[in-house]
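First up is the structure itself, then whatever we jot down about it.
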Amino acid sequence: MEYKNINQLIADNLWGSASNDDRQRLEQLLYDYPDLLSHYKRLVSGKNLSQRYRQYAAVDYDKLSLITQHILPNSQDHKSLLTAHGRHLLRAAAVIICIVTFGALWFTYDSRPEVLELTDEVIAAISQAEESGKNQAVLTIDGKSVGITNERAITKVQSLSTRPSTPAIQERILTTHHDSEFWLTLDDGSRIHLNYGTTLTYPKKFDNNTRELKLDGEAYFFVAKDDKHPFIVHTPNGTVKVYGTEFNINTRDDAGFTRVVLVSGSISITPTNGREQMMKPAEMAVLSATGCQFSTVDITPYVSWNTGTFAFADCPLEKLMRVLSHWYNKRVEFDSEETRQMQFTGTINKYGDIEPALKAIHNVTGLRITINGNLITISQHN
């Protein structure tokens, strides 16, 4: 990008006359070059311009060279600037340009959400999902679909639409298979972990007011904090409004309920035919067509699947095996209703083979469990 072009972009942005394309070009610089973003964060943390100038006066030349390479025009004489005197002038010029550039972008970025920091446990779970081949989904845009195995593939899909649409509001539908899951990073930096058999509808880029999406199935949310832009999840039985937290939503209840479990932070629940109510950590809200009920729960089972483990506490085998049958693509048969209702407490590695999982169930319950192809048979000993 030429020197005069970026200055024009800065000026237009300062005066509020920049087009959407111009703002996106400026924003892309911060996304593409981590050093720029790092300098920006330091810049905006200052209380005034003079303070920010002193901060940038201390920036290493090597870091500033990245900025000037993309701001100053290309020329045959560029290397000649790297004399002792030239380096001094270049340093001063870069400092001034940085101040003006990031000052101009302040209005654009002061309200952007904070970058989420994931725990090592979550990062390991994402890697396990990809390495195991379980991280799969179908991305649909304007009726056209493509299979993807990681979120990097999403950025490679240039356009699935043959008709004109506005990229900023273009709707995307992400659907996981009955035996897969998917990790997704949204435009605002929020992370969503979709469980099997789940559909998420979301925009390519959020608008300037709210961050809204639709969920049918189960997903775990890490929401980037942004007090000015509430995060809203629409479900079949109501909406969940968030400002920055961790929570789990499941709309697959047999009775048609939507279950919301708050892990940390604060969210509100608004049933389709009810009023808004606040939730506290370790609470579960059960939304139905008639309202909402709250209870205190152990959050472990609702968090563990997100980090690579199925955790069950006094869980009927019928319900447990429903989870495993989806995950491992198996059918399950019980010899009696009594066997179906036997309870299991324990944890199972999501990314291991099914045999160790069934052995663990056998060791706890004493039941006879056999596998024949895609069929699992569970019965009491004769």
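Here's how to read the names in the structure tokens: chain A, B, ... by the order shown, residue numbers from 1 in each chain, ligand numbers from 1 in the order shown.
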
As a PyMOL selection string, please: all residues of region 130-299 of chain A that backbone DSSP puts in strand (DSSP E or B).
chain A and resi 135+137-141+144-148+171-175+181-185+191-194+199-203+211-216+218-222+231-235+238-242+246-250+258-264+267-271+277-278+283-288+291-296

Residue list (helix (DSSP H, G or I), DSSP) for region 128-298 of chain A, as a compact mmCIF listing (two decimals) with N, CA and C atoms, in the first residue's frame:
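Wrote it out as out05.txt, contents follow:
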# COMPACT_ATOMS: atom_id res chain seq x y z
N GLN A 128 -6.91 -32.39 20.06
CA GLN A 128 -7.38 -33.77 20.07
C GLN A 128 -8.54 -33.97 19.11
N ALA A 129 -9.45 -33.00 19.09
CA ALA A 129 -10.61 -33.11 18.21
C ALA A 129 -10.17 -33.19 16.75
N GLU A 130 -9.21 -32.37 16.37
CA GLU A 130 -8.73 -32.37 14.99
C GLU A 130 -7.94 -33.64 14.67
N GLU A 131 -7.06 -34.04 15.60
CA GLU A 131 -6.22 -35.22 15.36
C GLU A 131 -7.03 -36.50 15.31
N SER A 132 -8.14 -36.55 16.06
CA SER A 132 -8.97 -37.76 16.08
C SER A 132 -9.89 -37.86 14.87
N ARG A 152 -9.91 -23.27 9.93
CA ARG A 152 -9.05 -22.64 8.92
C ARG A 152 -9.63 -22.83 7.53
N ALA A 153 -10.37 -23.93 7.36
CA ALA A 153 -10.98 -24.20 6.06
C ALA A 153 -12.05 -23.18 5.72
N ILE A 154 -12.66 -22.59 6.76
CA ILE A 154 -13.71 -21.60 6.53
C ILE A 154 -13.15 -20.40 5.79
N THR A 155 -11.97 -19.96 6.20
CA THR A 155 -11.37 -18.79 5.55
C THR A 155 -10.96 -19.08 4.12
N LYS A 156 -10.76 -20.36 3.80
CA LYS A 156 -10.36 -20.73 2.44
C LYS A 156 -11.55 -20.77 1.49
N PRO A 167 -21.31 -9.22 2.36
CA PRO A 167 -20.49 -10.11 3.17
C PRO A 167 -20.63 -9.88 4.66
N ALA A 168 -20.85 -8.62 5.07
CA ALA A 168 -20.90 -8.31 6.49
C ALA A 168 -22.08 -8.98 7.19
N ILE A 169 -23.15 -9.24 6.43
CA ILE A 169 -24.33 -9.82 7.06
C ILE A 169 -24.69 -11.18 6.45

Quick one: contact table of region 292-337 of chain A to region 256-265 of chain A, 9 Å max, nearest atom pair and distance in Å to one decimal per residue, counting only C-alpha atoms, chain and number order, as a tab-separated table?
residue	atom	partner	partner_atom	distance
A:Val297	CA	A:Val261	CA	8.2
A:Ile299	CA	A:Val263	CA	6.6
A:Tyr302	CA	A:Val261	CA	7.3
A:Val303	CA	A:Val263	CA	7.8

Could the residues in this selection be saved with N, CA and C atoms as an mmCIF file, in the first residue's frame?
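part.cif, freshly written:
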data_model
loop_
_atom_site.group_PDB
_atom_site.id
_atom_site.type_symbol
_atom_site.label_atom_id
_atom_site.label_comp_id
_atom_site.auth_asym_id
_atom_site.auth_seq_id
_atom_site.Cartn_x
_atom_site.Cartn_y
_atom_site.Cartn_z
ATOM 1 N N VAL A 297 -26.792 -26.974 40.023
ATOM 2 C CA VAL A 297 -26.281 -28.235 39.499
ATOM 3 C C VAL A 297 -24.766 -28.309 39.647
ATOM 4 N N ILE A 299 -21.587 -28.512 37.750
ATOM 5 C CA ILE A 299 -21.301 -28.127 36.363
ATOM 6 C C ILE A 299 -20.352 -29.090 35.658
ATOM 7 N N TYR A 302 -21.274 -30.747 32.353
ATOM 8 C CA TYR A 302 -21.542 -29.787 31.289
ATOM 9 C C TYR A 302 -20.264 -29.118 30.780
ATOM 10 N N VAL A 303 -19.198 -29.233 31.579
ATOM 11 C CA VAL A 303 -17.909 -28.656 31.187
ATOM 12 C C VAL A 303 -16.991 -29.715 30.590
#

Considering only C-alpha atoms, state which residue in the set A:Thr365, A:Asn273, A:Ser266, A:Thr251 is at the smallest distance from Asp314 (chain A).
A:Thr365

Tell me which protein, DNA and RNA residues are within 8 Å of Ala137 (chain A), counting only C-alpha atoms, leaving out same-chain ones fewer than 5 positions away, and put them as a PDB file with C-alpha atoms, in the first residue's frame.
ATOM      1  CA  GLY A 147     -17.570 -30.177   4.295  1.00  0.00           C
ATOM      2  CA  ILE A 148     -14.851 -28.757   6.541  1.00  0.00           C
ATOM      3  CA  THR A 149     -12.509 -30.341   9.079  1.00  0.00           C
ATOM      4  CA  LEU A 174     -22.676 -24.704  10.444  1.00  0.00           C
ATOM      5  CA  THR A 175     -23.924 -28.242  11.089  1.00  0.00           C
ATOM      6  CA  THR A 176     -22.115 -31.092  12.830  1.00  0.00           C
ATOM      7  CA  HIS A 177     -22.750 -34.742  12.020  1.00  0.00           C
ATOM      8  CA  SER A 180     -18.697 -35.293  15.152  1.00  0.00           C
ATOM      9  CA  GLU A 181     -18.094 -31.928  16.802  1.00  0.00           C
ATOM     10  CA  PHE A 182     -16.608 -28.585  15.735  1.00  0.00           C
TER      11      PHE A 182
END

Fewer than 2 positions away in the same chain doesn't count, so skip those; otherwise give me all residues within 7 Å of region 186-192 of chain A, counting only C-alpha atoms, as a list in words.
Pro113, Val115, Leu116, Trp183, Leu184, Leu194, Lys204, Lys205, Phe206, Ala219, Tyr220, Phe221, Phe222, Val223 and Ala224 of chain A

Here CA of Asp120 (chain A) and CA of Gly308 (chain A) stand apart by 12.3 Å

Do a neighbour search on region 343-360 of chain A at 9 Å with only C-alpha atoms, toss out local chain neighbours closer than 4 positions, and write the hits as a ChimeraX atom specification.
/A:128-129,132,134,304-305,308-318,320,324,327-328,339,364-365,369-371

Produce a file of the selected residues containing N, CA, C and O atoms, as a short mmCIF file (atom, residue, chain, number, x, y, z; two decimals), in the first residue's frame.
data_model
loop_
_atom_site.label_atom_id
_atom_site.label_comp_id
_atom_site.auth_asym_id
_atom_site.auth_seq_id
_atom_site.Cartn_x
_atom_site.Cartn_y
_atom_site.Cartn_z
N GLN A 128 -6.91 -32.39 20.06
CA GLN A 128 -7.38 -33.77 20.07
C GLN A 128 -8.54 -33.97 19.11
O GLN A 128 -8.63 -34.99 18.43
N ALA A 129 -9.45 -33.00 19.09
CA ALA A 129 -10.61 -33.11 18.21
C ALA A 129 -10.17 -33.19 16.75
O ALA A 129 -10.70 -34.00 15.97
N SER A 132 -8.14 -36.55 16.06
CA SER A 132 -8.97 -37.76 16.08
C SER A 132 -9.89 -37.86 14.87
O SER A 132 -10.52 -38.89 14.65
N LYS A 134 -12.58 -36.12 14.58
CA LYS A 134 -13.93 -35.84 15.04
C LYS A 134 -14.36 -34.39 14.75
O LYS A 134 -15.54 -34.07 14.83
N SER A 304 -17.07 -30.94 31.11
CA SER A 304 -16.10 -31.98 30.76
C SER A 304 -16.13 -32.35 29.28
O SER A 304 -15.07 -32.58 28.68
N TRP A 305 -17.31 -32.43 28.68
CA TRP A 305 -17.36 -32.82 27.27
C TRP A 305 -16.63 -31.80 26.40
O TRP A 305 -16.10 -32.14 25.33
N GLY A 308 -12.77 -32.81 26.43
CA GLY A 308 -12.32 -34.13 26.03
C GLY A 308 -12.77 -35.30 26.87
O GLY A 308 -12.25 -36.41 26.71
N THR A 309 -13.74 -35.10 27.76
CA THR A 309 -14.19 -36.18 28.63
C THR A 309 -15.71 -36.19 28.75
O THR A 309 -16.32 -35.14 28.92
N PHE A 310 -16.30 -37.38 28.67
CA PHE A 310 -17.71 -37.53 29.00
C PHE A 310 -17.79 -37.84 30.49
O PHE A 310 -17.19 -38.83 30.96
N ALA A 311 -18.48 -37.03 31.25
CA ALA A 311 -18.61 -37.25 32.70
C ALA A 311 -20.07 -37.54 33.03
O ALA A 311 -20.97 -36.81 32.60
N PHE A 312 -20.29 -38.62 33.79
CA PHE A 312 -21.65 -39.03 34.13
C PHE A 312 -21.77 -39.19 35.64
O PHE A 312 -20.88 -39.75 36.29
N ALA A 313 -22.85 -38.69 36.20
CA ALA A 313 -23.10 -38.83 37.63
C ALA A 313 -24.51 -39.40 37.83
O ALA A 313 -25.50 -38.75 37.48
N ASP A 314 -24.58 -40.62 38.36
CA ASP A 314 -25.88 -41.30 38.55
C ASP A 314 -26.72 -41.22 37.28
O ASP A 314 -27.91 -40.90 37.31
N CYS A 315 -26.08 -41.53 36.18
CA CYS A 315 -26.74 -41.41 34.86
C CYS A 315 -27.32 -42.76 34.44
O CYS A 315 -26.61 -43.78 34.44
N PRO A 316 -28.60 -42.82 34.08
CA PRO A 316 -29.18 -44.06 33.57
C PRO A 316 -28.42 -44.55 32.34
O PRO A 316 -28.02 -43.74 31.48
N LEU A 317 -28.21 -45.83 32.22
CA LEU A 317 -27.45 -46.38 31.10
C LEU A 317 -28.09 -46.04 29.76
O LEU A 317 -27.40 -45.85 28.76
N GLU A 318 -29.41 -45.97 29.72
CA GLU A 318 -30.08 -45.64 28.47
C GLU A 318 -29.63 -44.27 27.96
O GLU A 318 -29.33 -44.10 26.78
N LEU A 320 -26.83 -42.64 28.95
CA LEU A 320 -25.39 -42.70 28.70
C LEU A 320 -25.10 -43.31 27.34
O LEU A 320 -24.30 -42.79 26.55
N LEU A 324 -23.01 -42.25 23.74
CA LEU A 324 -21.94 -43.04 23.13
C LEU A 324 -22.34 -43.57 21.76
O LEU A 324 -21.49 -43.67 20.85
N TRP A 327 -21.82 -40.80 19.33
CA TRP A 327 -20.41 -40.44 19.18
C TRP A 327 -19.62 -41.49 18.40
O TRP A 327 -18.76 -41.18 17.59
N TYR A 328 -19.93 -42.77 18.67
CA TYR A 328 -19.19 -43.87 18.02
C TYR A 328 -19.96 -44.50 16.86
O TYR A 328 -19.52 -45.49 16.30
N THR A 339 -32.29 -53.00 33.03
CA THR A 339 -30.93 -52.74 32.56
C THR A 339 -30.80 -51.31 32.04
O THR A 339 -29.81 -50.63 32.29
N VAL A 364 -18.06 -51.17 36.43
CA VAL A 364 -18.89 -50.48 37.42
C VAL A 364 -20.23 -51.20 37.64
O VAL A 364 -20.70 -51.33 38.77
N THR A 365 -20.83 -51.66 36.55
CA THR A 365 -22.19 -52.21 36.64
C THR A 365 -22.24 -53.73 36.71
O THR A 365 -23.25 -54.30 37.15
N ILE A 369 -21.54 -56.83 28.24
CA ILE A 369 -21.59 -55.91 27.10
C ILE A 369 -20.80 -56.51 25.95
O ILE A 369 -19.62 -56.83 26.08
N THR A 370 -21.46 -56.67 24.80
CA THR A 370 -20.80 -57.24 23.62
C THR A 370 -20.99 -56.32 22.43
O THR A 370 -21.96 -55.57 22.34
N ILE A 371 -20.01 -56.39 21.52
CA ILE A 371 -20.08 -55.61 20.27
C ILE A 371 -20.05 -56.58 19.10
O ILE A 371 -19.17 -57.45 19.01
#
